[in-house]
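Structure data (compact mmCIF, C-alpha atoms) from work.txt:
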```
# COMPACT_ATOMS: atom_id res chain seq x y z
CA MET Q 1 82.82 98.86 -0.21
CA SER Q 2 83.54 95.68 1.74
CA ASP Q 3 82.56 92.30 0.34
CA LEU Q 4 78.99 92.01 1.60
CA ARG Q 5 79.14 88.24 1.32
CA LYS Q 6 81.73 88.16 4.12
CA ILE Q 7 80.61 90.89 6.55
CA ARG Q 8 80.63 89.81 10.20
CA THR Q 9 77.60 91.69 11.53
CA ASP Q 10 74.10 91.59 10.08
CA VAL Q 11 70.53 92.62 10.84
CA VAL Q 12 67.37 90.76 9.94
CA GLY Q 13 65.47 93.91 9.04
CA SER Q 14 62.77 95.21 11.33
CA LEU Q 15 63.19 97.60 14.25
CA LEU Q 16 60.66 98.64 16.87
CA ARG Q 17 58.28 101.23 15.46
CA PRO Q 18 58.34 104.58 17.28
CA ALA Q 19 55.10 105.68 18.91
CA ALA Q 20 54.78 108.45 16.31
CA VAL Q 21 54.61 105.88 13.49
CA ILE Q 22 52.01 103.75 15.26
CA GLU Q 23 49.88 106.79 16.07
CA ALA Q 24 50.15 108.08 12.50
CA ARG Q 25 49.13 104.70 11.06
CA ALA Q 26 46.07 104.62 13.36
CA ARG Q 27 45.06 108.12 12.20
CA PHE Q 28 45.63 107.12 8.56
CA ASP Q 29 43.43 104.03 8.93
CA GLU Q 30 40.71 106.18 10.50
CA GLY Q 31 40.87 108.71 7.65
CA ASN Q 32 42.31 111.45 9.85
CA LEU Q 33 45.70 111.61 8.13
CA ASP Q 34 46.44 111.56 4.41
CA ALA Q 35 49.08 109.43 2.68
CA GLY Q 36 51.50 112.36 2.48
CA GLY Q 37 51.24 113.02 6.19
CA LEU Q 38 51.84 109.36 7.00
CA ARG Q 39 54.83 109.21 4.68
CA ALA Q 40 56.44 112.29 6.26
CA ILE Q 41 56.31 110.63 9.69
CA GLU Q 42 57.62 107.35 8.29
CA ASP Q 43 60.43 109.25 6.53
CA GLU Q 44 61.59 110.69 9.84
CA ALA Q 45 61.45 107.25 11.48
CA VAL Q 46 63.61 105.79 8.69
CA ARG Q 47 66.13 108.62 9.09
CA GLU Q 48 66.39 107.85 12.81
CA ALA Q 49 66.68 104.10 12.13
CA VAL Q 50 69.54 104.72 9.71
CA LYS Q 51 71.34 107.00 12.19
CA LEU Q 52 70.90 104.45 14.98
CA GLN Q 53 72.35 101.55 13.03
CA GLU Q 54 75.21 103.55 11.56
CA SER Q 55 76.18 104.98 14.96
CA ILE Q 56 76.48 101.43 16.34
CA GLY Q 57 78.86 100.39 13.57
CA LEU Q 58 76.86 97.64 11.85
CA ASP Q 59 78.27 96.49 8.51
CA VAL Q 60 74.92 96.69 6.73
CA ILE Q 61 71.67 98.38 7.71
CA SER Q 62 67.97 98.32 6.88
CA ASP Q 63 65.24 100.95 6.89
CA GLY Q 64 63.78 99.20 9.95
CA GLU Q 65 60.69 98.24 7.90
CA MET Q 66 59.11 101.43 9.26
CA ARG Q 67 56.63 101.59 6.37
CA ARG Q 68 55.38 98.00 6.77
CA LEU Q 69 52.63 96.80 9.05
CA ASN Q 70 53.99 93.28 8.62
CA PHE Q 71 57.18 91.91 7.09
CA GLN Q 72 55.11 90.00 4.50
CA ASP Q 73 53.80 93.27 3.05
CA SER Q 74 56.89 93.24 0.80
CA PHE Q 75 54.89 90.93 -1.49
CA GLY Q 76 51.30 90.93 -0.20
CA ALA Q 77 50.89 94.70 -0.49
CA ALA Q 78 52.99 94.93 -3.66
CA VAL Q 79 50.89 92.80 -6.00
CA ASP Q 80 47.45 92.93 -7.51
CA GLY Q 81 45.24 89.87 -7.95
CA TYR Q 82 44.57 88.49 -4.46
CA ASP Q 83 41.12 88.37 -2.91
CA ALA Q 84 42.38 90.28 0.12
CA GLU Q 85 41.82 93.33 2.27
CA ARG Q 86 44.05 96.34 2.80
CA SER Q 87 46.42 95.98 5.70
CA LYS Q 88 45.33 97.83 8.84
CA LEU Q 89 46.94 98.42 12.20
CA THR Q 90 44.04 97.02 14.23
CA ALA Q 91 44.30 93.60 12.55
CA TYR Q 92 47.85 93.08 13.83
CA VAL Q 93 47.05 94.41 17.28
CA GLN Q 94 44.13 91.96 17.57
CA ARG Q 95 46.20 89.01 16.30
CA VAL Q 96 48.56 89.14 19.28
CA GLU Q 97 46.35 90.58 22.02
CA GLY Q 98 47.16 89.05 25.37
CA GLY Q 99 50.32 87.40 24.09
CA SER Q 100 53.24 86.93 26.47
CA ALA Q 101 56.89 86.27 25.77
CA LEU Q 102 58.40 82.88 24.96
CA ARG Q 103 55.30 80.81 24.50
CA ARG Q 104 53.95 79.11 21.42
CA TRP Q 105 51.71 81.49 19.53
CA ASP Q 106 48.24 80.13 18.90
CA VAL Q 107 48.22 81.14 15.25
CA PRO Q 108 44.80 82.54 14.28
CA ASP Q 109 42.76 81.00 11.47
CA MET Q 110 44.87 81.86 8.43
CA ASN Q 111 41.92 81.16 6.11
CA GLN Q 112 39.88 84.11 7.33
CA SER Q 113 39.61 87.34 5.36
CA GLY Q 114 42.64 89.57 5.64
CA THR Q 115 45.88 90.73 4.04
CA ALA Q 116 47.52 88.64 1.34
CA VAL Q 117 50.33 86.33 2.57
CA ALA Q 118 49.71 87.34 6.20
CA TYR Q 119 46.52 85.30 5.66
CA ARG Q 120 45.87 82.31 3.39
CA ARG Q 121 44.01 84.02 0.57
CA PRO Q 122 42.83 82.93 -2.88
CA VAL Q 123 43.31 84.96 -6.05
CA MET Q 124 40.75 86.51 -8.36
CA LYS Q 125 43.14 86.90 -11.30
CA ARG Q 126 46.76 86.24 -12.18
CA LEU Q 127 49.14 88.17 -9.96
CA GLN Q 128 50.85 91.29 -11.26
CA LEU Q 129 53.32 93.68 -9.66
CA LYS Q 130 51.44 96.79 -8.58
CA ARG Q 131 54.24 98.69 -6.82
CA ASN Q 132 57.78 97.71 -5.99
CA ILE Q 133 57.68 98.30 -2.24
CA ALA Q 134 61.27 97.14 -1.71
CA LEU Q 135 62.48 99.64 -4.33
CA GLU Q 136 60.58 102.52 -2.71
CA GLU Q 137 62.05 101.60 0.68
CA TYR Q 138 65.57 101.22 -0.71
CA ARG Q 139 65.66 104.52 -2.58
CA PHE Q 140 64.76 106.55 0.47
CA ALA Q 141 66.98 104.71 2.96
CA ALA Q 142 69.97 104.68 0.60
CA GLY Q 143 69.59 108.43 0.16
CA GLU Q 144 70.00 108.85 3.92
CA ALA Q 145 72.69 106.23 4.55
CA LYS Q 146 76.47 106.13 4.40
CA LYS Q 147 76.58 102.34 4.97
CA PRO Q 148 75.22 99.73 2.51
CA VAL Q 149 71.45 99.27 2.81
CA LYS Q 150 69.88 95.83 2.51
CA VAL Q 151 66.29 95.14 1.51
CA SER Q 152 64.14 92.19 2.55
CA LEU Q 153 61.52 90.26 0.58
CA ILE Q 154 59.27 87.46 1.74
CA GLY Q 155 60.27 84.31 -0.14
CA PRO Q 156 58.20 82.04 -2.38
CA ASP Q 157 57.97 79.25 0.20
CA ARG Q 158 55.89 81.34 2.62
CA ILE Q 159 53.91 82.83 -0.27
CA SER Q 160 52.97 79.34 -1.44
CA GLN Q 161 52.02 78.23 2.08
CA ARG Q 162 49.76 81.27 2.41
CA PHE Q 163 47.98 80.73 -0.93
CA ASP Q 164 44.53 79.15 -1.00
CA HIS Q 165 45.04 77.08 -4.13
CA ALA Q 166 41.85 75.07 -3.66
CA ALA Q 167 39.80 78.26 -4.09
CA SER Q 168 41.95 79.57 -6.96
CA LYS Q 169 41.92 76.76 -9.54
CA ALA Q 170 39.96 78.84 -12.04
CA VAL Q 171 43.04 81.10 -12.22
CA TYR Q 172 45.97 78.77 -11.48
CA ARG Q 173 45.60 75.10 -12.36
CA GLY Q 174 48.49 74.05 -10.17
CA MET Q 175 50.92 75.37 -7.58
CA ASP Q 176 53.78 75.26 -10.09
CA GLU Q 177 51.91 77.70 -12.32
CA PHE Q 178 51.25 80.02 -9.36
CA LEU Q 179 54.86 79.92 -8.19
CA ALA Q 180 56.12 80.67 -11.70
CA ASP Q 181 54.28 83.99 -11.50
CA VAL Q 182 55.58 84.61 -7.96
CA VAL Q 183 59.16 83.99 -9.09
CA ALA Q 184 58.78 86.29 -12.11
CA ILE Q 185 57.35 89.10 -9.96
CA GLU Q 186 60.04 88.78 -7.33
CA ARG Q 187 62.75 88.80 -9.99
CA GLU Q 188 61.24 92.01 -11.36
CA MET Q 189 61.37 93.50 -7.85
CA ILE Q 190 64.99 92.44 -7.35
CA LYS Q 191 66.01 93.83 -10.74
CA GLY Q 192 64.48 97.14 -9.70
CA VAL Q 193 66.46 97.39 -6.46
CA ALA Q 194 69.66 96.08 -8.07
CA ASP Q 195 69.40 98.68 -10.86
CA ALA Q 196 68.95 101.32 -8.15
CA GLY Q 197 72.24 100.27 -6.56
CA CYS Q 198 71.23 97.79 -3.86
CA ARG Q 199 73.92 95.15 -3.34
CA TYR Q 200 72.33 93.04 -0.59
CA VAL Q 201 68.92 91.40 -0.89
CA HIS Q 202 67.66 89.30 2.00
CA ILE Q 203 64.90 86.71 1.56
CA ASP Q 204 62.68 86.04 4.57
CA ALA Q 205 61.84 82.34 4.59
CA PRO Q 206 60.04 81.52 7.84
CA GLY Q 207 58.14 78.69 6.16
CA TYR Q 208 61.08 76.29 5.93
CA THR Q 209 60.88 75.47 9.63
CA ALA Q 210 57.36 74.15 8.92
CA TYR Q 211 59.07 71.10 7.42
CA VAL Q 212 60.45 70.12 10.83
CA ASP Q 213 57.43 71.16 12.94
CA GLU Q 214 54.89 68.38 13.46
CA PRO Q 215 51.73 70.57 13.77
CA SER Q 216 52.69 72.41 10.57
CA LEU Q 217 53.32 69.14 8.73
CA ALA Q 218 49.93 67.86 9.91
CA GLN Q 219 48.23 70.98 8.52
CA MET Q 220 49.84 70.42 5.12
CA ARG Q 221 48.75 66.80 5.03
CA ALA Q 222 45.22 67.76 6.11
CA ARG Q 223 45.05 69.99 3.03
CA GLY Q 224 46.05 67.02 0.87
CA GLU Q 225 49.59 68.27 0.33
CA ASP Q 226 52.81 66.27 0.39
CA PRO Q 227 55.34 68.16 2.58
CA THR Q 228 58.26 66.57 0.70
CA GLU Q 229 56.92 67.88 -2.61
CA ASN Q 230 56.28 71.30 -1.07
CA PHE Q 231 59.84 71.47 0.26
CA ALA Q 232 61.39 70.49 -3.09
CA ARG Q 233 59.20 72.96 -4.98
CA SER Q 234 60.15 75.79 -2.61
CA LEU Q 235 63.88 75.08 -2.85
CA LYS Q 236 63.62 75.27 -6.64
CA ALA Q 237 61.58 78.50 -6.53
CA ASP Q 238 63.92 80.19 -4.06
CA ALA Q 239 66.88 79.32 -6.25
CA ALA Q 240 65.12 80.67 -9.34
CA VAL Q 241 64.26 83.98 -7.67
CA ILE Q 242 67.91 84.96 -7.20
CA ALA Q 243 69.54 83.44 -10.30
CA ASP Q 244 71.80 85.63 -12.45
CA PHE Q 245 72.08 88.88 -10.53
CA PRO Q 246 75.84 89.45 -10.66
CA GLY Q 247 77.22 91.72 -7.97
CA VAL Q 248 74.26 91.25 -5.61
CA THR Q 249 74.74 89.40 -2.32
CA PHE Q 250 71.77 87.26 -1.29
CA GLY Q 251 70.93 86.20 2.23
CA ILE Q 252 68.08 83.96 3.40
CA HIS Q 253 66.64 84.04 6.91
CA LEU Q 254 64.97 81.05 8.58
CA CYS Q 255 63.00 81.54 11.78
CA ARG Q 256 60.36 79.93 13.96
CA GLY Q 257 57.94 82.81 14.38
CA ASN Q 258 58.32 86.22 15.94
CA GLN Q 259 55.03 87.84 17.00
CA ARG Q 260 55.03 89.87 20.22
CA SER Q 261 58.00 87.86 21.56
CA MET Q 262 56.17 84.57 20.87
CA TRP Q 263 57.13 81.71 18.55
CA HIS Q 264 54.98 79.25 16.60
CA ARG Q 265 57.32 76.53 15.36
CA GLU Q 266 59.79 74.14 16.90
CA GLY Q 267 62.11 71.51 15.51
CA THR Q 268 65.81 71.56 14.66
CA TYR Q 269 67.42 72.13 11.26
CA ASP Q 270 68.79 68.57 11.07
CA ALA Q 271 66.09 66.99 8.88
CA ILE Q 272 66.29 69.66 6.17
CA ALA Q 273 69.86 70.94 6.52
CA GLU Q 274 71.65 68.99 3.80
CA ARG Q 275 69.19 69.90 1.04
CA LEU Q 276 68.70 73.42 2.35
CA PHE Q 277 72.39 74.32 2.40
CA THR Q 278 73.37 72.51 -0.79
CA GLU Q 279 70.40 73.36 -3.03
CA LEU Q 280 69.89 77.01 -2.10
CA PRO Q 281 72.46 79.22 -3.87
CA HIS Q 282 72.28 82.10 -1.37
CA ASP Q 283 75.55 83.58 -0.10
CA ARG Q 284 74.47 83.98 3.52
CA PHE Q 285 72.20 81.84 5.71
CA LEU Q 286 70.76 83.76 8.66
CA LEU Q 287 69.75 81.15 11.22
CA GLU Q 288 68.02 81.35 14.58
CA TYR Q 289 70.18 79.93 17.34
CA ASP Q 290 68.88 81.75 20.41
CA SER Q 291 67.03 78.92 22.14
CA PRO Q 292 67.10 75.12 22.63
CA ARG Q 293 64.37 74.86 19.94
CA SER Q 294 67.12 75.47 17.38
CA GLY Q 295 69.07 72.35 18.26
CA SER Q 296 72.82 71.93 17.89
CA PHE Q 297 75.26 73.45 15.43
CA GLY Q 298 75.76 69.99 13.88
CA PRO Q 299 73.78 70.77 10.69
CA LEU Q 300 76.33 73.47 9.80
CA ARG Q 301 78.62 70.68 8.58
CA PHE Q 302 76.56 70.63 5.37
CA VAL Q 303 77.27 74.28 4.50
CA PRO Q 304 79.44 74.47 1.34
CA LYS Q 305 82.76 76.30 1.26
CA GLY Q 306 82.39 79.97 0.44
CA LYS Q 307 78.99 80.35 2.10
CA VAL Q 308 78.52 82.24 5.38
CA VAL Q 309 76.20 81.31 8.26
CA VAL Q 310 75.02 84.28 10.27
CA LEU Q 311 74.43 83.00 13.78
CA GLY Q 312 71.30 84.54 15.28
CA LEU Q 313 72.49 84.26 18.87
CA VAL Q 314 71.12 87.54 20.23
CA SER Q 315 67.43 87.23 21.09
CA THR Q 316 65.00 89.93 19.98
CA LYS Q 317 62.27 88.37 22.12
CA VAL Q 318 63.49 89.16 25.64
CA PRO Q 319 65.13 92.24 27.22
CA GLU Q 320 67.94 90.29 28.95
CA LEU Q 321 71.26 91.19 27.35
CA GLU Q 322 73.49 88.32 26.25
CA SER Q 323 77.06 88.47 27.58
CA VAL Q 324 80.05 88.75 25.28
CA VAL Q 325 81.59 85.74 27.03
CA ASP Q 326 78.56 83.54 26.31
CA LEU Q 327 78.28 84.71 22.71
CA LYS Q 328 81.98 84.01 22.06
CA ARG Q 329 81.61 80.57 23.63
CA ARG Q 330 78.71 79.72 21.30
CA ILE Q 331 80.55 81.03 18.24
CA ASP Q 332 83.45 78.81 19.25
CA GLU Q 333 81.07 75.83 19.46
CA ALA Q 334 79.77 76.59 15.96
CA SER Q 335 83.33 76.85 14.62
CA LYS Q 336 83.81 73.15 15.36
CA TYR Q 337 81.44 72.47 12.42
CA LEU Q 338 82.16 75.45 10.16
CA PRO Q 339 85.37 77.53 9.99
CA LEU Q 340 85.29 80.88 11.77
CA ASP Q 341 85.80 82.56 8.39
CA GLN Q 342 82.37 81.25 7.36
CA LEU Q 343 80.54 82.60 10.40
CA ALA Q 344 79.00 85.95 11.32
CA LEU Q 345 76.68 87.30 14.03
CA SER Q 346 73.24 88.94 14.17
CA PRO Q 347 70.05 89.16 16.22
CA GLN Q 348 67.98 86.00 15.81
CA CYS Q 349 65.10 87.80 14.04
CA GLY Q 350 63.69 91.27 13.56
CA PHE Q 351 62.69 93.29 16.60
CA ALA Q 352 59.23 93.88 15.16
CA SER Q 353 58.06 91.44 12.49
CA ASP Q 354 54.85 93.42 12.56
CA VAL Q 355 53.93 96.88 13.78
CA VAL Q 356 53.13 95.67 17.32
CA GLY Q 357 56.73 94.66 17.98
CA ASN Q 358 58.34 92.46 20.58
CA LEU Q 359 58.11 92.91 24.35
CA ILE Q 360 61.34 94.85 24.71
CA SER Q 361 62.20 98.55 24.87
CA ALA Q 362 64.04 100.78 22.40
CA ASP Q 363 66.94 100.83 24.89
CA ASP Q 364 67.01 97.01 24.96
CA GLN Q 365 67.10 97.01 21.16
CA LEU Q 366 70.00 99.47 21.14
CA ARG Q 367 72.03 97.47 23.66
CA LYS Q 368 71.50 94.22 21.77
CA LEU Q 369 72.64 95.70 18.45
CA GLU Q 370 75.67 97.21 20.20
CA ARG Q 371 76.43 93.79 21.70
CA VAL Q 372 76.41 92.20 18.21
CA VAL Q 373 79.04 94.70 17.02
CA GLU Q 374 81.11 94.49 20.22
CA THR Q 375 81.24 90.69 20.07
CA ALA Q 376 81.99 90.54 16.35
CA ARG Q 377 84.93 92.94 16.74
CA GLN Q 378 86.39 90.78 19.50
CA VAL Q 379 85.97 87.59 17.48
CA TRP Q 380 86.92 88.72 13.96
CA GLY Q 381 88.73 92.00 14.55
```
Take the structure in this file and express it as C-alpha cells.
Amino acid sequence: MSDLRKIRTDVVGSLLRPAAVIEARARFDEGNLDAGGLRAIEDEAVREAVKLQESIGLDVISDGEMRRLNFQDSFGAAVDGYDAERSKLTAYVQRVEGGSALRRWDVPDMNQSGTAVAYRRPVMKRLQLKRNIALEEYRFAAGEAKKPVKVSLIGPDRISQRFDHAASKAVYRGMDEFLADVVAIEREMIKGVADAGCRYVHIDAPGYTAYVDEPSLAQMRARGEDPTENFARSLKADAAVIADFPGVTFGIHLCRGNQRSMWHREGTYDAIAERLFTELPHDRFLLEYDSPRSGSFGPLRFVPKGKVVVLGLVSTKVPELESVVDLKRRIDEASKYLPLDQLALSPQCGFASDVVGNLISADDQLRKLERVVETARQVWG
C-alpha cells in the first residue's frame, strides 16, 4: 500500500446520491420501506460509488456518504443525549429550496428543532456513543474495494458551534466539559475504524472558516462568546481527537459551505493560517481554492515540512470543467509557497454535502474526478 500521507489525488467524501437512494429514503421516512429495504438500496449505491472511483484511478476512495442525509450525521446520528429529532429527507430539501448556484446561502435558523449538529441543539443528558456510523460505513465499503477506503467524521469545532450550551448547563457546566465528551466519543469511533483496518481518517472542519467570516464572528459575539477562545479550544480538541493512532493518516478539510452549489462563508485563510497549520497535527490539509473567496496561496508558507496540502481546485458547485492547463498553472503558483512534494489535488468539497446534492449532473461529477487524476498524473507522474 502506498504511503497515504503522500498520495497525490484525494476526495472529500460525498458523491451525488442516485435517484434510487433518494426515492428509497422518502419511502422509508413515510413508513413504506423498512430499514432492511433501505439498506439494500444503499448497499448497491455504495458498490457503484466504489466502482466509479476505482475505475477513475483515484488513490483513495470513500463510500460516497450514500447512507447519510447530511455529512454531519457522522456524529449527530451516532450519539445519544441530544434534544433532537431524527433526520429526514424533507428537512434537507426544504432547507435549500429555491437555492441557486454560487450565491451566499441564507442559513436557516440553526436554533430551531431538528437534527443534532445540523441544527444548534441542547442536550438532555451526557452524550454517549450509540452506534459507530463511520465503522459501519467503512466495513461495507472496504469489503467491496480494492483501493484504500477513507472515512470522514465531523470535527469538534463544528460540533461545539452547533451546541446550545446556554440551554444545557444542567448537564454540562462549561464548553470544555462538553468537548471532553465529544473528544472521547470521537476517539472511540476512530479506534473502531482503525481496528477494522482503516488507514485514512478525514475530519470535516467547516467551522474554522467562521473565524475569518465577519457575520459568523458577529453571531459568536452576540451569544457572548469570544471567537479567539473558541478557536483556541477547537484547535486543542481537534489535536486531541487524533492523538496516538500510529499507522493512521489523518486529513482535515476546511470549507466555506456547500449546500446546493451555494456557500455561506467568505474570508481568506490568512488570519488563522499560522496557528491552524502549526497547532493541528494532521498529515493532510484539504483546502478550498476554487474561487476568489479563498484568497492567495500565501498562507501555505506556514505549513510545516512533512505535511501535505491538498489543493481543492476543482469545483463541485458548477458543471464547467476546469482545464488541465489552468489547474497546472495554479499548482505551479502554490508551489512558490510550498514545495511540489507537499502538494496534492482534489475537488474543493464533496459533491453532495447533504442528500439534495449540488447543481451538477452525474456526468459532470465523473468528468471532474477524471480531471483530478489526469492533472495529478501530469504534475507528479
For Ala142 (chain Q), find every residue with an atom within 10 Å (counting all atoms listed in the file), except residues of its own chain fewer than 3 positions away, and show them as a PDB file with C-alpha atoms, keeping the file's coordinate frame.
```pdb
ATOM      1  CA  VAL Q  50      69.540 104.720   9.710  1.00  0.00           C
ATOM      2  CA  ILE Q  61      71.670  98.380   7.710  1.00  0.00           C
ATOM      3  CA  SER Q  62      67.970  98.320   6.880  1.00  0.00           C
ATOM      4  CA  ASP Q  63      65.240 100.950   6.890  1.00  0.00           C
ATOM      5  CA  GLU Q 137      62.050 101.600   0.680  1.00  0.00           C
ATOM      6  CA  TYR Q 138      65.570 101.220  -0.710  1.00  0.00           C
ATOM      7  CA  ARG Q 139      65.660 104.520  -2.580  1.00  0.00           C
ATOM      8  CA  ALA Q 145      72.690 106.230   4.550  1.00  0.00           C
ATOM      9  CA  LYS Q 146      76.470 106.130   4.400  1.00  0.00           C
ATOM     10  CA  LYS Q 147      76.580 102.340   4.970  1.00  0.00           C
ATOM     11  CA  PRO Q 148      75.220  99.730   2.510  1.00  0.00           C
ATOM     12  CA  VAL Q 149      71.450  99.270   2.810  1.00  0.00           C
ATOM     13  CA  LYS Q 150      69.880  95.830   2.510  1.00  0.00           C
ATOM     14  CA  ALA Q 196      68.950 101.320  -8.150  1.00  0.00           C
ATOM     15  CA  GLY Q 197      72.240 100.270  -6.560  1.00  0.00           C
ATOM     16  CA  CYS Q 198      71.230  97.790  -3.860  1.00  0.00           C
TER      17      CYS Q 198
END
```
With all atoms listed in the file as the atoms that count, which of Q:Arg162, Q:Leu369, Q:Val355, Q:Ser323 lies nearest to Ala24 (chain Q)?
->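 Checking each of Q:Arg162, Q:Leu369, Q:Val355, Q:Ser323 against Ala24 (chain Q), counting all atoms listed in the file, the winner is Q:Val355.
Going from CA of Val372 (chain Q) over to CA of Val310 (chain Q), you cover 11.3 Å.
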Could you check which of Q:Arg68, Q:Arg301, Q:Arg27, Q:Arg17 is closest to Ala45 (chain Q), using all atoms listed in the file?
->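 Selected residue with least distance to Ala45 (chain Q): Q:Arg17.
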Restricting to all atoms listed in the file, whichever of Q:Leu276, Q:Val117, Q:Ala271, Q:Ala194 is closest to Ile242 (chain Q) is Q:Ala194
Exercise: Leu345 (chain Q) partners within 7 Å, only C-alpha atoms, chain neighbours under 6 positions left out, as a count of residues only = 8
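Residue nearest Gly81 (chain Q), chosen from Q:Asp181, Q:Glu274, Q:Glu186, Q:Glu23 and counting only C-alpha atoms: Q:Asp181.
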Compile the contact shell of Ile360 (chain Q) as JSON, numbers by chain: residues with an atom at most 9 Å away, counting all atoms listed in the file, same-chain residues fewer than 5 positions apart removed.
-> {"Q": [16, 261, 316, 317, 318, 319, 351, 365]}
Give me the residues within 12 Å of Ser168 (chain Q) as a PyMOL selection string, counting all atoms listed in the file and dropping any in the same chain fewer than 3 places off.
-> chain Q and resi 81-83+120-127+163-165+171-175+177-178
Contacts of Pro18 (chain Q) within 10 Å, all atoms listed in the file, excl. fewer than 4 positions in-chain, as JSON, numbers by chain | {"Q": [22, 23, 41, 42, 45, 48, 49, 66, 355, 362]}
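Straight-line separation from CA of Val193 (chain Q) to CA of Glu144 (chain Q): 15.9 Å.
Interatomic distance, CA of Phe71 (chain Q) to CA of Ala118 (chain Q): 8.8 Å.
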Could you model N, CA and C atoms for region 8-29 of chain Q and present them as a compact mmCIF listing (two decimals), in the frame of the given file?
```txt
# COMPACT_ATOMS: atom_id res chain seq x y z
N ARG Q 8 80.72 90.57 8.95
CA ARG Q 8 80.63 89.81 10.20
C ARG Q 8 79.43 90.20 11.06
N THR Q 9 78.82 91.34 10.81
CA THR Q 9 77.60 91.69 11.53
C THR Q 9 76.47 91.86 10.53
N ASP Q 10 75.26 91.54 10.98
CA ASP Q 10 74.10 91.59 10.08
C ASP Q 10 72.87 91.96 10.91
N VAL Q 11 71.83 92.36 10.21
CA VAL Q 11 70.53 92.62 10.84
C VAL Q 11 69.48 91.89 10.01
N VAL Q 12 68.42 91.48 10.67
CA VAL Q 12 67.37 90.76 9.94
C VAL Q 12 66.45 91.73 9.22
N GLY Q 13 66.25 92.92 9.79
CA GLY Q 13 65.47 93.91 9.04
C GLY Q 13 64.68 94.86 9.90
N SER Q 14 63.71 94.33 10.64
CA SER Q 14 62.77 95.21 11.33
C SER Q 14 63.31 95.73 12.65
N LEU Q 15 62.93 96.97 12.96
CA LEU Q 15 63.19 97.60 14.25
C LEU Q 15 61.86 97.99 14.87
N LEU Q 16 61.87 98.19 16.18
CA LEU Q 16 60.66 98.64 16.87
C LEU Q 16 60.15 99.93 16.25
N ARG Q 17 58.85 100.01 16.02
CA ARG Q 17 58.28 101.23 15.46
C ARG Q 17 58.12 102.29 16.55
N PRO Q 18 58.56 103.51 16.30
CA PRO Q 18 58.34 104.58 17.28
C PRO Q 18 56.85 104.84 17.46
N ALA Q 19 56.50 105.39 18.62
CA ALA Q 19 55.10 105.68 18.91
C ALA Q 19 54.50 106.59 17.84
N ALA Q 20 55.29 107.52 17.31
CA ALA Q 20 54.78 108.45 16.31
C ALA Q 20 54.30 107.72 15.05
N VAL Q 21 55.00 106.66 14.67
CA VAL Q 21 54.61 105.88 13.49
C VAL Q 21 53.31 105.12 13.75
N ILE Q 22 53.21 104.52 14.92
CA ILE Q 22 52.01 103.75 15.26
C ILE Q 22 50.79 104.68 15.33
N GLU Q 23 50.97 105.83 15.97
CA GLU Q 23 49.88 106.79 16.07
C GLU Q 23 49.46 107.31 14.69
N ALA Q 24 50.45 107.59 13.84
CA ALA Q 24 50.15 108.08 12.50
C ALA Q 24 49.41 107.03 11.68
N ARG Q 25 49.81 105.77 11.81
CA ARG Q 25 49.13 104.70 11.06
C ARG Q 25 47.69 104.57 11.53
N ALA Q 26 47.44 104.69 12.84
CA ALA Q 26 46.07 104.62 13.36
C ALA Q 26 45.23 105.76 12.79
N ARG Q 27 45.79 106.96 12.76
CA ARG Q 27 45.06 108.12 12.20
C ARG Q 27 44.81 107.94 10.71
N PHE Q 28 45.79 107.37 10.00
CA PHE Q 28 45.63 107.12 8.56
C PHE Q 28 44.50 106.13 8.31
N ASP Q 29 44.47 105.04 9.09
CA ASP Q 29 43.43 104.03 8.93
C ASP Q 29 42.05 104.60 9.22
```
